[in-house]
Amino acid sequence: MARAGTRFEGSCIVITGASEGIGRALALSLAPERAQLVLAARNGERLATLADECRALGATAHTRVADVTDRAACEALVAFAVERCGRLDVLVCNAGRTMWSRFDALADLGIFEQLMRLNFHSNVWLTAAALPHLRRARGLIVAVASVAGLTGVPERTAYAASKHAVVGFYESLRIEIAADGVDVTIVAPDFVLSEIHERAVGPDGKPLGRNPLQVGRIMTAEECARRMHRAMARRDRLLVTSLRGRAGRALKLFAPRLIDRIALRAIRERR
């Protein structure tokens, strides 16, 4: 059951993928609560700038340059957080990458391994390292999945597969650790305005370098973070950020072909 009114003052919160997009916006949303933020990403300069902004808002902020596709780096990040804060209360697994290509147009199937390692395996490694500390704190795991983790999405096969894995892992883990007082909040954003789209892998295996979406029609990272913050405070089981996503989740059982058409149209309309 969600614990209404949970606040984060003094809580040690690790956020991966914190240098941009949803991760950055979430850090800035949490900072006024005077949380102890441990901000992790590969870009040290952006992390330093974000940490300064968070401190100005009242937070304690620590930065860690980390490539979470490396298991040892994940374990070191958790150890760093516990060393700096003396505890670990919330783990936000946010780092991720996406793709834009039909499956039959992919020149290199290695993208499946790359996305699974970043989007899924990193979450497993971070969670394994963090869980003993989260048990002591009766803490919270926040897994940033996607609407693509709840239903099929064309041109996102590798991404959707990795996010389905995220959802399956955390829904299973939630049952195992419920008696320990550790909660799991799964976040399933719809399209969000973020640099993740510029870095998305195209059919040639290279980053697109441009946002293929009509940016005026999608949610901002700040709005997504605001909703995440509220869901974290309530320890909600699942946050789906769009009405379309919530409706699709319900309709999928009764009208699966309709959902397929809606997903196809959603991709086409935003190009």
# chains A, B, ... in the order shown; residues from 1 in each chain; ligands from 1
call {"tool": "residues_around", "arguments": {"residues": "Ser11 in chain A", "least_positions_apart": "6", "cutoff": "7 Å", "atoms": "only C-alpha atoms", "output": "JSON, numbers by chain"}}
result
{"A": [35, 36, 89]}
call {"tool": "select_by_dssp", "arguments": {"residues": "range 74-210 of chain A", "states": "strand (DSSP E)", "output": "number ranges by chain"}}
result
A: 90-93, 140-144, 183-188, 192-193
call {"tool": "closest_residue", "arguments": {"among": "A:Val14, A:Val153, A:Ala129, A:Val144", "to": "Ile262 in chain A", "atoms": "only C-alpha atoms"}}
result
A:Val153
call {"tool": "closest_atom_pairs", "arguments": {"of": "range 44-119 of chain A", "to": "range 226-239 of chain A", "cutoff": "12 Å", "atoms": "only C-alpha atoms", "output": "tab-separated table"}}
result
residue	atom	partner	partner_atom	distance
A:Asp89	CA	A:Met232	CA	11.7
A:Val90	CA	A:Met232	CA	9.2
A:Leu91	CA	A:Met232	CA	10.8
A:Val92	CA	A:Met232	CA	9.9
A:Asn94	CA	A:Met228	CA	11.4
call {"tool": "select_by_dssp", "arguments": {"residues": "range 71-242 of chain A", "states": "helix (DSSP H, G or I)", "output": "PyMOL selection string"}}
result
chain A and resi 71-85+103-105+110-137+147-149+157-180+215-217+221-234
call {"tool": "residues_around", "arguments": {"residues": "Ala18 in chain A", "least_positions_apart": "2", "cutoff": "6 Å", "atoms": "only C-alpha atoms", "output": "JSON, numbers by chain"}}
result
{"A": [15, 16, 20, 23, 24, 39, 40, 41]}
call {"tool": "residues_around", "arguments": {"residues": "Ala200 in chain A", "least_positions_apart": "5", "cutoff": "7 Å", "atoms": "only C-alpha atoms", "output": "PyMOL selection string"}}
result
chain A and resi 97-100+207-208
call {"tool": "write_last_selection", "arguments": {"atoms": "all heavy atoms", "output": "PDB file, in the first residue's frame"}}
result
ATOM      1  N   ARG A  97      18.544   4.472 -22.945  1.00  0.00           N
ATOM      2  CA  ARG A  97      18.712   4.888 -24.334  1.00  0.00           C
ATOM      3  C   ARG A  97      17.606   4.245 -25.153  1.00  0.00           C
ATOM      4  O   ARG A  97      17.065   3.203 -24.784  1.00  0.00           O
ATOM      5  CB  ARG A  97      20.080   4.445 -24.853  1.00  0.00           C
ATOM      6  CG  ARG A  97      20.489   5.098 -26.163  1.00  0.00           C
ATOM      7  CD  ARG A  97      21.876   4.676 -26.581  1.00  0.00           C
ATOM      8  NE  ARG A  97      22.342   5.461 -27.724  1.00  0.00           N
ATOM      9  CZ  ARG A  97      23.460   5.213 -28.374  1.00  0.00           C
ATOM     10  NH1 ARG A  97      24.244   4.212 -28.014  1.00  0.00           N
ATOM     11  NH2 ARG A  97      23.815   5.982 -29.404  1.00  0.00           N
ATOM     12  N   THR A  98      17.281   4.858 -26.295  1.00  0.00           N
ATOM     13  CA  THR A  98      16.212   4.328 -27.129  1.00  0.00           C
ATOM     14  C   THR A  98      16.697   4.115 -28.561  1.00  0.00           C
ATOM     15  O   THR A  98      17.891   4.246 -28.853  1.00  0.00           O
ATOM     16  CB  THR A  98      14.976   5.247 -27.090  1.00  0.00           C
ATOM     17  OG1 THR A  98      13.891   4.598 -27.749  1.00  0.00           O
ATOM     18  CG2 THR A  98      15.245   6.587 -27.750  1.00  0.00           C
ATOM     19  N   MET A  99      15.796   3.768 -29.437  1.00  0.00           N
ATOM     20  CA  MET A  99      16.116   3.507 -30.839  1.00  0.00           C
ATOM     21  C   MET A  99      14.968   3.975 -31.709  1.00  0.00           C
ATOM     22  O   MET A  99      13.842   4.146 -31.240  1.00  0.00           O
ATOM     23  CB  MET A  99      16.340   2.011 -31.077  1.00  0.00           C
ATOM     24  CG  MET A  99      15.064   1.180 -30.868  1.00  0.00           C
ATOM     25  SD  MET A  99      15.209  -0.557 -31.320  1.00  0.00           S
ATOM     26  CE  MET A  99      15.284  -0.473 -33.097  1.00  0.00           C
ATOM     27  N   TRP A 100      15.237   4.185 -32.994  1.00  0.00           N
ATOM     28  CA  TRP A 100      14.206   4.492 -33.973  1.00  0.00           C
ATOM     29  C   TRP A 100      14.551   3.757 -35.263  1.00  0.00           C
ATOM     30  O   TRP A 100      15.364   4.208 -36.050  1.00  0.00           O
ATOM     31  CB  TRP A 100      14.122   6.000 -34.246  1.00  0.00           C
ATOM     32  CG  TRP A 100      13.480   6.782 -33.149  1.00  0.00           C
ATOM     33  CD1 TRP A 100      14.081   7.391 -32.111  1.00  0.00           C
ATOM     34  CD2 TRP A 100      12.083   7.019 -32.986  1.00  0.00           C
ATOM     35  NE1 TRP A 100      13.168   7.996 -31.301  1.00  0.00           N
ATOM     36  CE2 TRP A 100      11.925   7.799 -31.823  1.00  0.00           C
ATOM     37  CE3 TRP A 100      10.939   6.652 -33.725  1.00  0.00           C
ATOM     38  CZ2 TRP A 100      10.685   8.217 -31.359  1.00  0.00           C
ATOM     39  CZ3 TRP A 100       9.709   7.080 -33.256  1.00  0.00           C
ATOM     40  CH2 TRP A 100       9.586   7.839 -32.097  1.00  0.00           C
ATOM     41  N   PRO A 207      23.850   7.282 -33.565  1.00  0.00           N
ATOM     42  CA  PRO A 207      22.850   8.202 -33.014  1.00  0.00           C
ATOM     43  C   PRO A 207      22.212   9.042 -34.110  1.00  0.00           C
ATOM     44  O   PRO A 207      22.880   9.464 -35.058  1.00  0.00           O
ATOM     45  CB  PRO A 207      23.672   9.083 -32.058  1.00  0.00           C
ATOM     46  CG  PRO A 207      24.874   8.271 -31.729  1.00  0.00           C
ATOM     47  CD  PRO A 207      25.180   7.468 -32.958  1.00  0.00           C
ATOM     48  N   LEU A 208      20.924   9.316 -33.969  1.00  0.00           N
ATOM     49  CA  LEU A 208      20.212  10.114 -34.967  1.00  0.00           C
ATOM     50  C   LEU A 208      20.768  11.532 -35.056  1.00  0.00           C
ATOM     51  O   LEU A 208      20.840  12.121 -36.124  1.00  0.00           O
ATOM     52  CB  LEU A 208      18.724  10.179 -34.625  1.00  0.00           C
ATOM     53  CG  LEU A 208      17.920   8.881 -34.723  1.00  0.00           C
ATOM     54  CD1 LEU A 208      16.477   9.158 -34.327  1.00  0.00           C
ATOM     55  CD2 LEU A 208      17.997   8.281 -36.113  1.00  0.00           C
TER      56      LEU A 208
END
call {"tool": "closest_residue", "arguments": {"among": "A:Ala161, A:Leu106, A:Val142, A:Ala179", "to": "Asn119 in chain A", "atoms": "only C-alpha atoms"}}
result
A:Ala161
call {"tool": "closest_residue", "arguments": {"among": "A:Phe80, A:Tyr159, A:Phe191, A:Phe120", "to": "Ser101 in chain A", "atoms": "only C-alpha atoms"}}
result
A:Tyr159
call {"tool": "residues_around", "arguments": {"residues": "Thr220 in chain A", "least_positions_apart": "6", "cutoff": "12 Å", "atoms": "only C-alpha atoms", "output": "JSON, numbers by chain"}}
result
{"A": [21, 22, 24, 25, 26, 189, 190, 191, 192, 193, 194, 195, 226, 227, 241]}
call {"tool": "write_last_selection", "arguments": {"atoms": "N, CA, C and O atoms", "output": "PDB file, in the first residue's frame"}}
result
ATOM      1  N   GLY A  21      17.496  15.562 -19.129  1.00  0.00           N
ATOM      2  CA  GLY A  21      16.156  14.989 -19.248  1.00  0.00           C
ATOM      3  C   GLY A  21      15.438  14.775 -17.933  1.00  0.00           C
ATOM      4  O   GLY A  21      15.470  15.620 -17.025  1.00  0.00           O
ATOM      5  N   ILE A  22      14.773  13.634 -17.814  1.00  0.00           N
ATOM      6  CA  ILE A  22      13.956  13.335 -16.643  1.00  0.00           C
ATOM      7  C   ILE A  22      14.793  13.301 -15.378  1.00  0.00           C
ATOM      8  O   ILE A  22      14.382  13.799 -14.327  1.00  0.00           O
ATOM      9  N   ARG A  24      17.583  14.875 -14.585  1.00  0.00           N
ATOM     10  CA  ARG A  24      17.950  16.229 -14.166  1.00  0.00           C
ATOM     11  C   ARG A  24      16.738  16.951 -13.572  1.00  0.00           C
ATOM     12  O   ARG A  24      16.836  17.586 -12.510  1.00  0.00           O
ATOM     13  N   ALA A  25      15.606  16.852 -14.253  1.00  0.00           N
ATOM     14  CA  ALA A  25      14.397  17.526 -13.778  1.00  0.00           C
ATOM     15  C   ALA A  25      13.944  16.971 -12.436  1.00  0.00           C
ATOM     16  O   ALA A  25      13.469  17.717 -11.571  1.00  0.00           O
ATOM     17  N   LEU A  26      14.096  15.667 -12.229  1.00  0.00           N
ATOM     18  CA  LEU A  26      13.700  15.071 -10.958  1.00  0.00           C
ATOM     19  C   LEU A  26      14.597  15.561  -9.829  1.00  0.00           C
ATOM     20  O   LEU A  26      14.115  15.861  -8.726  1.00  0.00           O
ATOM     21  N   PRO A 189       6.680   6.541 -18.567  1.00  0.00           N
ATOM     22  CA  PRO A 189       6.403   7.764 -19.314  1.00  0.00           C
ATOM     23  C   PRO A 189       5.967   7.464 -20.746  1.00  0.00           C
ATOM     24  O   PRO A 189       6.371   6.465 -21.335  1.00  0.00           O
ATOM     25  N   ASP A 190       5.157   8.346 -21.290  1.00  0.00           N
ATOM     26  CA  ASP A 190       4.911   8.376 -22.725  1.00  0.00           C
ATOM     27  C   ASP A 190       6.058   9.212 -23.305  1.00  0.00           C
ATOM     28  O   ASP A 190       7.083   9.406 -22.655  1.00  0.00           O
ATOM     29  N   PHE A 191       5.929   9.735 -24.514  1.00  0.00           N
ATOM     30  CA  PHE A 191       6.982  10.568 -25.076  1.00  0.00           C
ATOM     31  C   PHE A 191       7.260  11.762 -24.171  1.00  0.00           C
ATOM     32  O   PHE A 191       6.336  12.439 -23.718  1.00  0.00           O
ATOM     33  N   VAL A 192       8.544  12.006 -23.891  1.00  0.00           N
ATOM     34  CA  VAL A 192       8.974  13.129 -23.053  1.00  0.00           C
ATOM     35  C   VAL A 192      10.052  13.894 -23.804  1.00  0.00           C
ATOM     36  O   VAL A 192      10.933  13.301 -24.441  1.00  0.00           O
ATOM     37  N   LEU A 193       9.987  15.202 -23.733  1.00  0.00           N
ATOM     38  CA  LEU A 193      10.973  16.054 -24.393  1.00  0.00           C
ATOM     39  C   LEU A 193      12.315  15.898 -23.688  1.00  0.00           C
ATOM     40  O   LEU A 193      12.502  16.347 -22.573  1.00  0.00           O
ATOM     41  N   SER A 194      13.260  15.242 -24.353  1.00  0.00           N
ATOM     42  CA  SER A 194      14.526  14.914 -23.729  1.00  0.00           C
ATOM     43  C   SER A 194      15.560  14.638 -24.807  1.00  0.00           C
ATOM     44  O   SER A 194      15.227  14.281 -25.942  1.00  0.00           O
ATOM     45  N   GLU A 195      16.831  14.769 -24.443  1.00  0.00           N
ATOM     46  CA  GLU A 195      17.911  14.492 -25.385  1.00  0.00           C
ATOM     47  C   GLU A 195      18.029  13.012 -25.731  1.00  0.00           C
ATOM     48  O   GLU A 195      18.799  12.644 -26.615  1.00  0.00           O
ATOM     49  N   ARG A 226       7.668  16.183 -12.122  1.00  0.00           N
ATOM     50  CA  ARG A 226       6.706  16.595 -11.096  1.00  0.00           C
ATOM     51  C   ARG A 226       5.765  15.444 -10.751  1.00  0.00           C
ATOM     52  O   ARG A 226       5.480  15.185  -9.572  1.00  0.00           O
ATOM     53  N   ARG A 227       5.307  14.739 -11.764  1.00  0.00           N
ATOM     54  CA  ARG A 227       4.413  13.602 -11.522  1.00  0.00           C
ATOM     55  C   ARG A 227       5.154  12.449 -10.836  1.00  0.00           C
ATOM     56  O   ARG A 227       4.601  11.767  -9.971  1.00  0.00           O
ATOM     57  N   THR A 241       2.235   8.153 -17.360  1.00  0.00           N
ATOM     58  CA  THR A 241       2.152   9.611 -17.397  1.00  0.00           C
ATOM     59  C   THR A 241       1.148  10.175 -18.389  1.00  0.00           C
ATOM     60  O   THR A 241       0.907  11.387 -18.389  1.00  0.00           O
TER      61      THR A 241
END
call {"tool": "atom_distance", "arguments": {"atom1": "CA of Leu77 in chain A", "atom2": "CA of Ile175 in chain A"}}
result
25.6 Å
call {"tool": "closest_residue", "arguments": {"among": "A:Pro203, A:Pro32, A:Pro154, A:Gly86", "to": "Arg55 in chain A", "atoms": "only C-alpha atoms"}}
result
A:Pro32
call {"tool": "closest_residue", "arguments": {"among": "A:Leu37, A:Val147, A:Leu258, A:Ala188", "to": "Leu88 in chain A", "atoms": "only C-alpha atoms"}}
result
A:Leu37
call {"tool": "atom_distance", "arguments": {"atom1": "CA of Arg117 in chain A", "atom2": "CA of Val68 in chain A"}}
result
8.7 Å
call {"tool": "closest_residue", "arguments": {"among": "A:Phe169, A:Arg87, A:Glu113, A:Cys93", "to": "Arg136 in chain A", "atoms": "only C-alpha atoms"}}
result
A:Arg87
call {"tool": "atom_distance", "arguments": {"atom1": "CA of Ile111 in chain A", "atom2": "CA of Val166 in chain A"}}
result
16.9 Å
call {"tool": "residues_around", "arguments": {"residues": "Asp104 in chain A", "least_positions_apart": "5", "cutoff": "12 Å", "atoms": "only C-alpha atoms", "output": "list in words"}}
result
Leu109, Pro154, Glu155, Arg156, Thr157, Pro203 and Asp204 of chain A
